[in-house]
Structures are given as structure tokens and as C-alpha cells.
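The data block below is start.tsv; it holds TSV, C-alpha atoms.
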chain	number	residue	atom	x	y	z
I	1	MET	CA	-19.03	-47.48	-154.61
I	2	SER	CA	-16.51	-44.71	-154.00
I	3	ALA	CA	-16.57	-41.95	-151.43
I	4	ILE	CA	-17.42	-38.48	-152.69
I	5	GLY	CA	-16.47	-36.47	-149.66
I	6	ILE	CA	-15.72	-36.32	-145.98
I	7	VAL	CA	-18.27	-35.85	-143.22
I	8	THR	CA	-17.10	-34.27	-139.97
I	9	VAL	CA	-18.94	-34.03	-136.68
I	10	SER	CA	-18.12	-31.18	-134.31
I	11	GLU	CA	-17.58	-31.58	-130.59
I	12	ARG	CA	-20.61	-29.37	-130.02
I	13	THR	CA	-22.72	-31.84	-132.01
I	14	VAL	CA	-21.43	-34.68	-129.83
I	15	MET	CA	-22.47	-32.66	-126.77
I	16	GLN	CA	-25.91	-31.97	-128.25
I	17	ILE	CA	-26.44	-35.67	-128.98
I	18	ALA	CA	-25.41	-36.63	-125.44
I	19	ALA	CA	-27.73	-33.99	-123.94
I	20	HIS	CA	-30.65	-35.10	-126.10
I	21	ILE	CA	-30.17	-38.77	-125.16
I	22	ALA	CA	-29.92	-38.01	-121.44
I	23	LYS	CA	-33.04	-35.81	-121.45
I	24	GLN	CA	-35.08	-38.56	-123.13
I	25	HIS	CA	-34.62	-41.10	-120.31
I	26	ASP	CA	-37.42	-41.63	-117.82
I	27	GLY	CA	-36.23	-40.45	-114.45
I	28	VAL	CA	-34.20	-37.50	-115.74
I	29	LYS	CA	-35.90	-34.28	-114.68
I	30	ARG	CA	-33.36	-32.01	-116.37
I	31	LEU	CA	-29.69	-31.44	-117.07
I	32	THR	CA	-27.89	-28.98	-114.85
I	33	ASP	CA	-24.59	-27.16	-114.67
I	34	LYS	CA	-22.04	-28.35	-112.17
I	35	LYS	CA	-20.10	-26.22	-109.79
I	36	SER	CA	-16.98	-24.65	-111.25
I	37	GLY	CA	-13.48	-25.50	-110.18
I	38	ASP	CA	-13.15	-29.22	-110.89
I	39	GLY	CA	-11.15	-29.05	-114.10
I	40	ILE	CA	-13.58	-29.88	-116.91
I	41	THR	CA	-15.38	-26.96	-118.49
I	42	ARG	CA	-18.20	-26.78	-120.97
I	43	ALA	CA	-16.77	-26.33	-124.45
I	44	ILE	CA	-19.50	-23.93	-125.57
I	45	LYS	CA	-20.28	-21.36	-122.86
I	46	GLY	CA	-23.92	-20.40	-122.44
I	47	SER	CA	-25.34	-22.89	-124.92
I	48	ARG	CA	-28.80	-24.06	-123.85
I	49	ASP	CA	-28.72	-27.23	-125.94
I	50	THR	CA	-25.53	-28.45	-124.26
I	51	LYS	CA	-26.29	-27.39	-120.68
I	52	GLY	CA	-25.12	-30.04	-118.25
I	53	VAL	CA	-22.77	-31.71	-120.74
I	54	TYR	CA	-19.04	-31.26	-120.38
I	55	ILE	CA	-16.26	-32.53	-122.59
I	56	LEU	CA	-12.57	-33.05	-122.09
I	57	LYS	CA	-10.46	-33.78	-125.14
I	58	SER	CA	-7.24	-35.78	-124.80
I	59	LYS	CA	-5.00	-37.98	-126.94
I	60	GLN	CA	-6.85	-41.04	-125.62
I	61	GLY	CA	-10.21	-39.68	-126.79
I	62	LEU	CA	-13.13	-37.66	-125.52
I	63	ALA	CA	-14.37	-37.82	-121.95
I	64	LEU	CA	-17.98	-36.76	-121.51
I	65	GLU	CA	-19.65	-35.80	-118.27
I	66	ILE	CA	-23.41	-35.40	-118.05
I	67	CYS	CA	-24.86	-33.70	-114.95
I	68	ILE	CA	-28.49	-34.53	-114.22
I	69	ILE	CA	-31.26	-33.94	-111.73
I	70	CYS	CA	-33.22	-37.19	-111.41
I	71	SER	CA	-36.65	-38.15	-110.11
I	72	TYR	CA	-37.01	-39.31	-106.52
I	73	GLY	CA	-37.33	-43.10	-106.23
I	74	ILE	CA	-35.63	-43.93	-109.52
I	75	ASN	CA	-33.00	-46.68	-109.67
I	76	THR	CA	-30.01	-44.37	-110.14
I	77	VAL	CA	-27.51	-47.11	-111.00
I	78	ARG	CA	-29.74	-48.41	-113.79
I	79	LEU	CA	-30.47	-44.88	-115.01
I	80	CYS	CA	-26.79	-43.94	-115.25
I	81	THR	CA	-25.89	-47.26	-116.89
I	82	ASP	CA	-28.68	-46.92	-119.47
I	83	ILE	CA	-27.70	-43.35	-120.33
I	84	THR	CA	-24.04	-44.31	-120.70
I	85	LYS	CA	-24.79	-47.33	-122.91
I	86	ARG	CA	-27.12	-45.39	-125.18
I	87	ILE	CA	-24.70	-42.48	-125.61
I	88	LYS	CA	-21.85	-44.88	-126.45
I	89	SER	CA	-24.07	-46.68	-128.93
I	90	GLU	CA	-25.22	-43.47	-130.66
I	91	LEU	CA	-21.77	-41.87	-130.80
I	92	ASN	CA	-20.00	-45.03	-131.98
I	93	ASP	CA	-20.18	-44.01	-135.65
I	94	THR	CA	-19.31	-40.31	-135.32
I	95	GLY	CA	-15.57	-40.87	-135.71
I	96	PHE	CA	-14.80	-39.63	-132.21
I	97	LYS	CA	-13.02	-41.98	-129.86
I	98	ILE	CA	-15.03	-41.93	-126.65
I	99	LYS	CA	-12.68	-42.59	-123.74
I	100	GLU	CA	-15.30	-42.42	-121.00
I	101	ILE	CA	-18.78	-41.23	-120.18
I	102	ASN	CA	-19.68	-40.24	-116.64
I	103	VAL	CA	-23.18	-39.45	-115.49
I	104	ARG	CA	-23.18	-37.29	-112.36
I	105	ILE	CA	-26.37	-37.00	-110.32
I	106	MET	CA	-26.43	-33.46	-108.99
I	107	GLY	CA	-29.75	-33.69	-107.20
I	108	VAL	CA	-33.11	-35.40	-106.78
I	109	GLU	CA	-36.59	-33.95	-107.17
Will you turn the file into C-alpha cells for me?
Amino acid sequence: MSAIGIVTVSERTVMQIAAHIAKQHDGVKRLTDKKSGDGITRAIKGSRDTKGVYILKSKQGLALEICIICSYGINTVRLCTDITKRIKSELNDTGFKIKEINVRIMGVE
């Protein structure tokens, strides 16, 4: 079987996938923006479907940061590990080299 074309996935799509995965986990109340001034900015300003997801592109690959508000009493280490593993698993076949994924807990409700 021969290839008939090329499929490309945009960085915004990667951000949307990451946001969707994070929102689906039990214990995640919502995604939230982080405070400005720490170097990584959201690639698409004002996009509701990528709120709380930041991306930094480098030669080594993409670094994703997901900022969440979690539920009180949740095992935060397990939550962050599960989110990271699932995002890596889902994005494995997109063609992007994922350098790192960081889940930042911005608050508890």
C-alpha cells in the first residue's frame, strides 16, 4: 500500500488535545491561565479551547504546560502523573516530538 498524501497536525491541535485530556480526568475542576512573566506564553491568545495549555517549541521538541484547578482531597501526584501519561500516549502518533509535559496545579477547590 502506498501513501497518497501527507497529514499534518498543527500546534493548536496538540494544545486542544492536551486540554481535552486534562479536562476529562476526575479531580480536575477546570483549566486556568497562569500568571504572566515566566517565559512560556500561550500560542493562540484568547482561545477558549486551549485555555490553560501553554507550549514552547524548541529544537529538542515541544514542551507542554497544563495549568489546572483540582478538587480538594484528590491525590495530586497521581492526578498529574495520569494526565501526563495519557497526553504522551495520545500525542505519540502526531509526529510532534514531545520533550516534556508539566502539569501545574494553580489552585484547589
Nearest to I:Thr84, chosen from I:Lys59, I:Lys99, I:Lys34, I:Arg48, with all atoms listed in the file counted in the distances: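 Nearest candidate to I:Thr84 out of I:Lys59, I:Lys99, I:Lys34, I:Arg48: I:Lys99.
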Test item: residues at most 10 Å from I:Ile83, all atoms listed in the file, excluding those fewer than 4 positions along its chain, as a PyMOL selection string: chain I and resi 18+21-25+28+66+78-79+87-89+101-103
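With atom CA of I:Ile4 on one side and atom CA of I:Asp93 on the other, the separation reads 18.1 Å.
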Polymer residues at most 9 Å from stretch 69-74 of chain I, all atoms listed in the file, same-chain spacing of 5 or more positions, as a list in words: Asp26, Gly27, Val28, Lys29, Arg30, Leu31, Thr32, Leu79, Arg104, Ile105, Met106, Gly107, Val108 and Glu109 of chain I
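Here atom CA of I:Met15 and atom CA of I:Val77 stand 22.0 Å from one another.
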Two-atom distance - atom CA of I:Gln60, atom CA of I:Val7 (Å):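 Computed distance, atom CA of I:Gln60 to atom CA of I:Val7, equals 21.6 Å.
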Spatial neighbours of I:Leu62, 8 Å, all atoms listed in the file, chain gap at least 5 places, as JSON, numbers by chain: {"I": [55, 56, 57, 96, 97, 98, 99, 100]}
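Closest to I:Thr13 among I:Thr50, I:Gly95, I:Ser58, I:Glu65 is I:Thr50, based on only C-alpha atoms.
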Save stretch 20-36 of chain I from what I just supplied, as a PDB file, in the first residue's frame, atoms limited to all heavy atoms.
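Full text of result.pdb as output:
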ATOM      1  N   HIS I  20      -8.267  18.842  26.250  1.00  0.00           N
ATOM      2  CA  HIS I  20      -9.388  17.904  26.318  1.00  0.00           C
ATOM      3  C   HIS I  20      -9.073  16.745  27.271  1.00  0.00           C
ATOM      4  O   HIS I  20      -9.900  16.372  28.105  1.00  0.00           O
ATOM      5  CB  HIS I  20      -9.710  17.380  24.923  1.00  0.00           C
ATOM      6  CG  HIS I  20     -10.831  16.398  24.899  1.00  0.00           C
ATOM      7  ND1 HIS I  20     -12.144  16.771  25.052  1.00  0.00           N
ATOM      8  CD2 HIS I  20     -10.829  15.052  24.777  1.00  0.00           C
ATOM      9  CE1 HIS I  20     -12.905  15.687  24.997  1.00  0.00           C
ATOM     10  NE2 HIS I  20     -12.131  14.637  24.836  1.00  0.00           N
ATOM     11  N   ILE I  21      -7.873  16.187  27.154  1.00  0.00           N
ATOM     12  CA  ILE I  21      -7.467  15.074  28.009  1.00  0.00           C
ATOM     13  C   ILE I  21      -7.450  15.501  29.471  1.00  0.00           C
ATOM     14  O   ILE I  21      -7.962  14.797  30.345  1.00  0.00           O
ATOM     15  CB  ILE I  21      -6.093  14.535  27.571  1.00  0.00           C
ATOM     16  CG1 ILE I  21      -6.228  13.830  26.217  1.00  0.00           C
ATOM     17  CG2 ILE I  21      -5.514  13.590  28.620  1.00  0.00           C
ATOM     18  CD1 ILE I  21      -4.910  13.496  25.561  1.00  0.00           C
ATOM     19  N   ALA I  22      -6.854  16.649  29.753  1.00  0.00           N
ATOM     20  CA  ALA I  22      -6.765  17.122  31.141  1.00  0.00           C
ATOM     21  C   ALA I  22      -8.148  17.345  31.738  1.00  0.00           C
ATOM     22  O   ALA I  22      -8.406  16.965  32.888  1.00  0.00           O
ATOM     23  CB  ALA I  22      -5.937  18.399  31.211  1.00  0.00           C
ATOM     24  N   LYS I  23      -9.054  17.948  30.973  1.00  0.00           N
ATOM     25  CA  LYS I  23     -10.403  18.244  31.484  1.00  0.00           C
ATOM     26  C   LYS I  23     -11.191  16.977  31.796  1.00  0.00           C
ATOM     27  O   LYS I  23     -12.074  16.995  32.642  1.00  0.00           O
ATOM     28  CB  LYS I  23     -11.186  19.059  30.457  1.00  0.00           C
ATOM     29  CG  LYS I  23     -10.736  20.482  30.319  1.00  0.00           C
ATOM     30  CD  LYS I  23     -11.568  21.162  29.235  1.00  0.00           C
ATOM     31  CE  LYS I  23     -10.908  22.393  28.706  1.00  0.00           C
ATOM     32  NZ  LYS I  23     -11.659  22.958  27.571  1.00  0.00           N
ATOM     33  N   GLN I  24     -10.871  15.872  31.132  1.00  0.00           N
ATOM     34  CA  GLN I  24     -11.619  14.629  31.295  1.00  0.00           C
ATOM     35  C   GLN I  24     -11.267  13.864  32.570  1.00  0.00           C
ATOM     36  O   GLN I  24     -11.993  12.966  32.959  1.00  0.00           O
ATOM     37  CB  GLN I  24     -11.361  13.732  30.088  1.00  0.00           C
ATOM     38  CG  GLN I  24     -11.802  14.344  28.788  1.00  0.00           C
ATOM     39  CD  GLN I  24     -12.921  13.585  28.168  1.00  0.00           C
ATOM     40  OE1 GLN I  24     -12.883  12.387  28.144  1.00  0.00           O
ATOM     41  NE2 GLN I  24     -13.921  14.279  27.688  1.00  0.00           N
ATOM     42  N   HIS I  25     -10.167  14.197  33.219  1.00  0.00           N
ATOM     43  CA  HIS I  25      -9.741  13.463  34.412  1.00  0.00           C
ATOM     44  C   HIS I  25     -10.565  13.856  35.632  1.00  0.00           C
ATOM     45  O   HIS I  25     -10.813  15.034  35.875  1.00  0.00           O
ATOM     46  CB  HIS I  25      -8.254  13.717  34.696  1.00  0.00           C
ATOM     47  CG  HIS I  25      -7.363  12.797  33.954  1.00  0.00           C
ATOM     48  ND1 HIS I  25      -7.034  12.984  32.639  1.00  0.00           N
ATOM     49  CD2 HIS I  25      -6.740  11.661  34.351  1.00  0.00           C
ATOM     50  CE1 HIS I  25      -6.241  12.017  32.253  1.00  0.00           C
ATOM     51  NE2 HIS I  25      -6.049  11.200  33.263  1.00  0.00           N
ATOM     52  N   ASP I  26     -10.961  12.842  36.397  1.00  0.00           N
ATOM     53  CA  ASP I  26     -11.626  13.101  37.676  1.00  0.00           C
ATOM     54  C   ASP I  26     -10.657  13.859  38.567  1.00  0.00           C
ATOM     55  O   ASP I  26      -9.483  13.519  38.640  1.00  0.00           O
ATOM     56  CB  ASP I  26     -12.017  11.787  38.355  1.00  0.00           C
ATOM     57  CG  ASP I  26     -13.191  11.113  37.668  1.00  0.00           C
ATOM     58  OD1 ASP I  26     -13.962  11.811  36.989  1.00  0.00           O
ATOM     59  OD2 ASP I  26     -13.326   9.888  37.822  1.00  0.00           O
ATOM     60  N   GLY I  27     -11.134  14.862  39.207  1.00  0.00           N
ATOM     61  CA  GLY I  27     -10.292  15.661  40.087  1.00  0.00           C
ATOM     62  C   GLY I  27      -9.863  16.975  39.469  1.00  0.00           C
ATOM     63  O   GLY I  27      -9.373  17.852  40.163  1.00  0.00           O
ATOM     64  N   VAL I  28     -10.056  17.134  38.169  1.00  0.00           N
ATOM     65  CA  VAL I  28      -9.741  18.404  37.513  1.00  0.00           C
ATOM     66  C   VAL I  28     -11.028  19.213  37.443  1.00  0.00           C
ATOM     67  O   VAL I  28     -11.989  18.827  36.784  1.00  0.00           O
ATOM     68  CB  VAL I  28      -9.157  18.212  36.096  1.00  0.00           C
ATOM     69  CG1 VAL I  28      -8.964  19.555  35.398  1.00  0.00           C
ATOM     70  CG2 VAL I  28      -7.835  17.456  36.174  1.00  0.00           C
ATOM     71  N   LYS I  29     -11.056  20.320  38.165  1.00  0.00           N
ATOM     72  CA  LYS I  29     -12.226  21.204  38.140  1.00  0.00           C
ATOM     73  C   LYS I  29     -12.277  21.984  36.832  1.00  0.00           C
ATOM     74  O   LYS I  29     -13.314  22.091  36.209  1.00  0.00           O
ATOM     75  CB  LYS I  29     -12.186  22.191  39.303  1.00  0.00           C
ATOM     76  CG  LYS I  29     -12.406  21.570  40.645  1.00  0.00           C
ATOM     77  CD  LYS I  29     -13.874  21.318  40.841  1.00  0.00           C
ATOM     78  CE  LYS I  29     -14.168  21.098  42.304  1.00  0.00           C
ATOM     79  NZ  LYS I  29     -15.595  21.037  42.560  1.00  0.00           N
ATOM     80  N   ARG I  30     -11.123  22.560  36.467  1.00  0.00           N
ATOM     81  CA  ARG I  30     -11.043  23.335  35.226  1.00  0.00           C
ATOM     82  C   ARG I  30      -9.585  23.653  34.915  1.00  0.00           C
ATOM     83  O   ARG I  30      -8.713  23.506  35.774  1.00  0.00           O
ATOM     84  CB  ARG I  30     -11.849  24.617  35.325  1.00  0.00           C
ATOM     85  CG  ARG I  30     -11.304  25.623  36.313  1.00  0.00           C
ATOM     86  CD  ARG I  30     -12.169  26.892  36.338  1.00  0.00           C
ATOM     87  NE  ARG I  30     -11.612  27.871  37.231  1.00  0.00           N
ATOM     88  CZ  ARG I  30     -11.792  27.908  38.537  1.00  0.00           C
ATOM     89  NH1 ARG I  30     -12.529  26.982  39.114  1.00  0.00           N
ATOM     90  NH2 ARG I  30     -11.241  28.846  39.270  1.00  0.00           N
ATOM     91  N   LEU I  31      -9.346  24.096  33.707  1.00  0.00           N
ATOM     92  CA  LEU I  31      -8.037  24.601  33.321  1.00  0.00           C
ATOM     93  C   LEU I  31      -8.045  26.103  33.545  1.00  0.00           C
ATOM     94  O   LEU I  31      -9.096  26.745  33.444  1.00  0.00           O
ATOM     95  CB  LEU I  31      -7.738  24.287  31.860  1.00  0.00           C
ATOM     96  CG  LEU I  31      -7.119  22.907  31.594  1.00  0.00           C
ATOM     97  CD1 LEU I  31      -8.016  21.793  32.037  1.00  0.00           C
ATOM     98  CD2 LEU I  31      -6.734  22.751  30.160  1.00  0.00           C
ATOM     99  N   THR I  32      -6.903  26.647  33.855  1.00  0.00           N
ATOM    100  CA  THR I  32      -6.831  28.071  34.161  1.00  0.00           C
ATOM    101  C   THR I  32      -5.572  28.676  33.568  1.00  0.00           C
ATOM    102  O   THR I  32      -4.584  27.979  33.344  1.00  0.00           O
ATOM    103  CB  THR I  32      -6.877  28.296  35.684  1.00  0.00           C
ATOM    104  OG1 THR I  32      -6.943  29.688  35.944  1.00  0.00           O
ATOM    105  CG2 THR I  32      -5.669  27.716  36.386  1.00  0.00           C
ATOM    106  N   ASP I  33      -5.612  29.966  33.325  1.00  0.00           N
ATOM    107  CA  ASP I  33      -4.421  30.668  32.851  1.00  0.00           C
ATOM    108  C   ASP I  33      -3.454  30.840  34.002  1.00  0.00           C
ATOM    109  O   ASP I  33      -3.844  30.923  35.161  1.00  0.00           O
ATOM    110  CB  ASP I  33      -4.797  32.045  32.292  1.00  0.00           C
ATOM    111  CG  ASP I  33      -5.476  31.940  30.937  1.00  0.00           C
ATOM    112  OD1 ASP I  33      -5.152  31.012  30.179  1.00  0.00           O
ATOM    113  OD2 ASP I  33      -6.322  32.786  30.642  1.00  0.00           O
ATOM    114  N   LYS I  34      -2.184  30.907  33.653  1.00  0.00           N
ATOM    115  CA  LYS I  34      -1.183  31.172  34.682  1.00  0.00           C
ATOM    116  C   LYS I  34      -0.821  32.642  34.650  1.00  0.00           C
ATOM    117  O   LYS I  34      -1.175  33.370  33.729  1.00  0.00           O
ATOM    118  CB  LYS I  34       0.056  30.299  34.475  1.00  0.00           C
ATOM    119  CG  LYS I  34       0.807  30.567  33.201  1.00  0.00           C
ATOM    120  CD  LYS I  34       1.987  29.627  33.119  1.00  0.00           C
ATOM    121  CE  LYS I  34       2.770  29.877  31.856  1.00  0.00           C
ATOM    122  NZ  LYS I  34       3.951  29.064  31.793  1.00  0.00           N
ATOM    123  N   LYS I  35      -0.126  33.050  35.649  1.00  0.00           N
ATOM    124  CA  LYS I  35       0.309  34.446  35.712  1.00  0.00           C
ATOM    125  C   LYS I  35       1.347  34.688  34.635  1.00  0.00           C
ATOM    126  O   LYS I  35       2.168  33.835  34.341  1.00  0.00           O
ATOM    127  CB  LYS I  35       0.905  34.757  37.086  1.00  0.00           C
ATOM    128  CG  LYS I  35       0.000  34.411  38.232  1.00  0.00           C
ATOM    129  CD  LYS I  35      -1.195  35.317  38.278  1.00  0.00           C
ATOM    130  CE  LYS I  35      -2.068  34.980  39.466  1.00  0.00           C
ATOM    131  NZ  LYS I  35      -3.437  34.784  39.169  1.00  0.00           N
ATOM    132  N   SER I  36       1.343  35.878  34.067  1.00  0.00           N
ATOM    133  CA  SER I  36       2.309  36.198  33.018  1.00  0.00           C
ATOM    134  C   SER I  36       3.685  36.463  33.609  1.00  0.00           C
ATOM    135  O   SER I  36       3.828  36.698  34.793  1.00  0.00           O
ATOM    136  CB  SER I  36       1.840  37.422  32.228  1.00  0.00           C
ATOM    137  OG  SER I  36       1.747  38.523  33.092  1.00  0.00           O
TER     138      SER I  36
END
